[in-house]
$ cat model_29.txt   # compact mmCIF, C-alpha atoms
# COMPACT_ATOMS: atom_id res chain seq x y z
CA MET A 1 5.72 -13.16 25.75
CA ARG A 2 5.90 -16.60 24.25
CA LEU A 3 2.18 -16.53 23.40
CA LEU A 4 2.59 -13.11 21.76
CA PHE A 5 5.47 -14.45 19.65
CA LYS A 6 3.43 -17.51 18.56
CA THR A 7 0.47 -15.27 17.68
CA LEU A 8 2.73 -12.95 15.70
CA ILE A 9 4.21 -15.87 13.73
CA SER A 10 0.74 -17.35 13.06
CA CYS A 11 -0.56 -14.00 11.76
CA PHE A 12 2.50 -13.60 9.53
CA PHE A 13 2.02 -17.02 7.92
CA ALA A 14 -1.72 -16.48 7.44
CA LEU A 15 -1.12 -13.12 5.75
CA SER A 16 1.68 -14.61 3.62
CA ILE A 17 -0.59 -17.40 2.38
CA ALA A 18 -3.38 -14.91 1.67
CA SER A 19 -1.02 -12.70 -0.33
CA GLN A 20 0.24 -15.62 -2.43
CA ASN A 21 -3.30 -16.74 -3.27
CA SER A 22 -4.41 -13.26 -4.29
CA LEU A 23 -1.83 -12.62 -7.00
CA ALA A 24 -3.97 -13.89 -9.87
CA TRP A 25 -5.19 -11.21 -12.27
CA ASP A 26 -8.59 -9.88 -11.24
CA ALA A 27 -10.65 -8.62 -14.19
CA ASN A 28 -12.07 -5.87 -11.97
CA ALA A 29 -8.66 -4.85 -10.65
CA GLU A 30 -8.05 -2.34 -13.44
CA VAL A 31 -11.53 -0.82 -13.00
CA LYS A 32 -11.04 -0.47 -9.24
CA ALA A 33 -7.57 1.02 -9.73
CA ASN A 34 -8.85 3.56 -12.27
CA GLU A 35 -11.67 4.57 -9.92
CA THR A 36 -9.13 5.04 -7.13
CA LEU A 37 -6.88 7.13 -9.38
CA ALA A 38 -9.81 9.36 -10.36
CA HIS A 39 -10.82 9.72 -6.70
CA PHE A 40 -7.32 10.85 -5.67
CA VAL A 41 -7.19 13.39 -8.53
CA THR A 42 -10.64 14.70 -7.52
CA LYS A 43 -9.43 15.21 -3.93
CA ASP A 44 -6.19 16.91 -5.03
CA LYS A 45 -5.62 17.97 -8.66
CA SER A 46 -1.95 18.67 -7.90
CA ILE A 47 -1.32 14.90 -7.60
CA GLU A 48 -1.48 14.78 -11.41
CA ASN A 49 2.14 16.00 -11.42
CA PHE A 50 3.17 12.79 -9.64
CA PHE A 51 1.40 10.70 -12.29
CA LYS A 52 3.15 12.65 -15.07
CA GLN A 53 6.64 12.63 -13.54
CA ALA A 54 6.85 9.30 -11.71
CA TYR A 55 8.47 6.38 -13.50
CA GLY A 56 5.80 4.08 -12.06
CA TYR A 57 3.23 3.67 -9.33
CA ALA A 58 1.22 1.04 -7.46
CA VAL A 59 -2.47 1.61 -6.70
CA PHE A 60 -4.18 -0.24 -3.85
CA PRO A 61 -7.93 0.53 -3.99
CA THR A 62 -8.67 -1.01 -0.59
CA ILE A 63 -6.35 -2.09 2.19
CA GLY A 64 -8.02 -3.61 5.23
CA LYS A 65 -6.31 -3.24 8.59
CA ALA A 66 -7.27 -4.79 11.94
CA GLY A 67 -5.63 -5.49 15.23
CA PHE A 68 -5.71 -6.00 18.92
CA ILE A 69 -2.13 -5.80 20.27
CA VAL A 70 -1.00 -7.83 17.22
CA GLY A 71 -2.38 -6.51 13.96
CA GLY A 72 -2.20 -6.90 10.25
CA ALA A 73 -3.21 -5.30 7.00
CA HIS A 74 -3.71 -6.69 3.52
CA GLY A 75 -4.66 -5.37 0.11
CA LYS A 76 -4.37 -6.08 -3.61
CA GLY A 77 -3.34 -3.54 -6.19
CA VAL A 78 -2.30 -2.77 -9.73
CA VAL A 79 1.20 -1.68 -10.77
CA TYR A 80 1.87 0.79 -13.57
CA LYS A 81 5.05 1.73 -15.44
CA GLN A 82 4.77 5.09 -17.21
CA GLY A 83 0.98 4.84 -17.23
CA VAL A 84 0.75 1.24 -18.52
CA ILE A 85 -0.30 -1.69 -16.32
CA THR A 86 2.55 -4.16 -15.83
CA GLY A 87 1.15 -6.44 -13.13
CA THR A 88 -0.44 -6.86 -9.74
CA ALA A 89 0.85 -6.55 -6.22
CA THR A 90 -0.25 -7.48 -2.74
CA MET A 91 0.55 -5.58 0.41
CA THR A 92 0.86 -7.36 3.72
CA GLN A 93 1.62 -5.67 7.01
CA LEU A 94 2.17 -7.14 10.43
CA SER A 95 2.38 -4.87 13.46
CA VAL A 96 2.78 -5.20 17.18
CA GLY A 97 2.03 -2.65 19.88
CA TRP A 98 -0.95 -0.91 21.38
CA GLN A 99 -3.74 -1.13 18.80
CA ALA A 100 -7.42 -2.00 18.68
CA GLY A 101 -10.01 -1.80 15.93
CA ALA A 102 -10.30 -2.06 12.17
CA GLU A 103 -10.19 0.35 9.26
CA SER A 104 -9.77 0.48 5.51
CA TYR A 105 -7.94 2.91 3.25
CA SER A 106 -6.66 3.38 -0.30
CA GLU A 107 -2.96 3.82 -1.05
CA ILE A 108 -0.86 4.94 -4.01
CA ILE A 109 2.90 4.53 -4.01
CA PHE A 110 4.84 6.55 -6.59
CA PHE A 111 8.30 5.44 -7.76
CA GLU A 112 10.48 8.37 -8.73
CA LYS A 113 12.98 6.61 -11.02
CA ALA A 114 13.34 3.36 -12.95
CA SER A 115 15.61 2.00 -10.23
CA ASP A 116 12.92 2.58 -7.58
CA TYR A 117 10.26 0.88 -9.73
CA ASN A 118 12.60 -2.02 -10.55
CA ALA A 119 13.37 -2.57 -6.87
CA PHE A 120 9.61 -2.88 -6.24
CA ILE A 121 8.93 -5.39 -9.03
CA LYS A 122 11.87 -7.67 -8.22
CA GLY A 123 9.53 -9.77 -6.11
CA SER A 124 9.57 -8.96 -2.44
CA TYR A 125 9.78 -5.31 -1.47
CA ALA A 126 9.39 -3.77 1.96
CA LEU A 127 8.71 -0.32 3.32
CA GLY A 128 10.01 0.06 6.85
CA ALA A 129 8.08 1.46 9.77
CA GLN A 130 9.83 4.79 9.19
CA ALA A 131 8.18 5.25 5.76
CA SER A 132 5.52 7.91 6.00
CA ALA A 133 2.36 8.34 4.00
CA VAL A 134 0.55 11.59 3.28
CA ALA A 135 -3.22 11.74 3.66
CA ILE A 136 -4.63 13.09 0.40
CA LYS A 137 -6.42 16.44 0.53
CA SER A 138 -6.52 19.50 -1.67
CA GLY A 139 -3.05 20.95 -2.31
CA VAL A 140 -1.08 18.42 -0.28
CA ALA A 141 0.70 16.92 -3.31
CA THR A 142 2.39 20.24 -4.10
CA GLN A 143 4.13 20.06 -0.71
CA THR A 144 5.06 16.37 -0.86
CA LYS A 145 8.54 15.18 -1.85
CA TYR A 146 9.98 11.76 -2.59
CA ASN A 147 11.68 9.99 0.30
CA ASP A 148 14.21 7.34 -0.76
CA GLY A 149 12.62 7.25 -4.23
CA VAL A 150 9.00 6.79 -3.11
CA ALA A 151 6.08 9.04 -2.29
CA ILE A 152 3.05 7.49 -0.58
CA PHE A 153 -0.47 8.90 -0.49
CA THR A 154 -3.41 7.41 1.41
CA ASP A 155 -7.11 8.09 1.71
CA TYR A 156 -9.16 6.88 4.66
CA LYS A 157 -12.24 4.88 3.64
CA GLY A 158 -13.83 3.85 6.94
CA GLY A 159 -13.61 2.11 10.28
CA LEU A 160 -12.18 2.97 13.65
CA MET A 161 -8.67 2.12 14.77
CA ALA A 162 -6.56 3.41 17.62
CA ALA A 163 -2.91 2.48 17.32
CA ALA A 164 0.58 3.17 18.54
CA SER A 165 2.22 0.23 16.84
CA VAL A 166 5.32 -0.59 14.82
CA GLY A 167 5.24 -2.48 11.56
CA GLY A 168 6.34 -2.19 7.96
CA GLN A 169 4.60 -3.00 4.71
CA ARG A 170 5.74 -5.93 2.56
CA PHE A 171 4.81 -6.16 -1.11
CA THR A 172 4.79 -9.02 -3.58
CA TYR A 173 4.65 -8.33 -7.32
CA LYS A 174 3.44 -10.51 -10.19
CA ALA A 175 3.80 -9.47 -13.84
CA LYS A 176 0.61 -9.37 -15.92

$ encode --input "model_29.txt" --output "structure tokens"
Amino acid sequence: MRLLFKTLISCFFALSIASQNSLAWDANAEVKANETLAHFVTKDKSIENFFKQAYGYAVFPTIGKAGFIVGGAHGKGVVYKQGVITGTATMTQLSVGWQAGAESYSEIIFFEKASDYNAFIKGSYALGAQASAVAIKSGVATQTKYNDGVAIFTDYKGGLMAAASVGGQRFTYKAK
């Protein structure tokens, strides 16, 4: 148990350092985010309503996830307020439980109101393990509702991961 705790703490610090170093503006970040947005709309045209009605959203073109008992995930993204880029964000996740493998996926988080968006950009924001994401496919956005001011959509990119683990996502925001 003690070894597991030390491993968990080590992974957390490594992911924290990685997220701090990756907050600089990436010239390709906007291109990657726009490609991801277009991909999501191609898979489900009804998601356009979220883009039109949401106060803001964060787009993570690629999040990498890996684990064996202790796992983690990390990705960089672009944050928009009413369709205009306001900054960048990193997502870091640490999880513990039965898990083995690696995978990657894209993620978009919509913020329903200004208060939801402002909570995200205040610096350190977390989504608990109970937050659920919807896998994007044709028509799914018409059936999706906001939960506590956020709606999360994901799209699997590749890899193989088996998991029954618990962990939340932590985000760090940096203004452009």

$ closest_atom_pairs --input "model_29.txt" --of "stretch 73-92 of chain A" --to "stretch 26-39 of chain A" --cutoff "10 Å" --atoms "all atoms listed in the file" --output "tab-separated table"
residue	atom	partner	partner_atom	distance
A:Lys76	CA	A:Ala29	CA	8.3
A:Gly77	CA	A:Ala29	CA	7.1
A:Val78	CA	A:Ala33	CA	6.5
A:Val79	CA	A:Ala33	CA	9.2
A:Ile85	CA	A:Glu30	CA	8.3
A:Thr88	CA	A:Ala29	CA	8.5

$ residues_near_point --input "model_29.txt" --point "(6.3, -11.3, -5.8)" --cutoff "10 Å" --atoms "only C-alpha atoms" --output "PyMOL selection string"
chain A and resi 19-20+23+88-90+120-125+170-175

$ atom_distance --input "model_29.txt" --atom1 "atom CA of A:Ser106" --atom2 "atom CA of A:Phe153"
8.3 Å

$ closest_atom_pairs --input "model_29.txt" --of "stretch 44-82 of chain A" --to "stretch 133-140 of chain A" --cutoff "12 Å" --atoms "only C-alpha atoms" --output "CSV"
residue,atom,partner,partner_atom,distance
A:Asp44,CA,A:Ser138,CA,4.3
A:Lys45,CA,A:Ser138,CA,7.2
A:Ser46,CA,A:Gly139,CA,6.1
A:Ile47,CA,A:Val140,CA,8.1
A:Glu48,CA,A:Gly139,CA,11.1
A:Asn49,CA,A:Gly139,CA,11.6
A:Phe50,CA,A:Val140,CA,11.7

$ closest_residue --input "model_29.txt" --among "A:Gly64, A:Gly159, A:Gly149, A:Gly75" --to "A:Glu112" --atoms "only C-alpha atoms"
A:Gly149

$ residues_near_point --input "model_29.txt" --point "(-9.2, 3.2, 15.4)" --cutoff "8 Å" --atoms "only C-alpha atoms" --output "PyMOL selection string"
chain A and resi 99-103+159-163
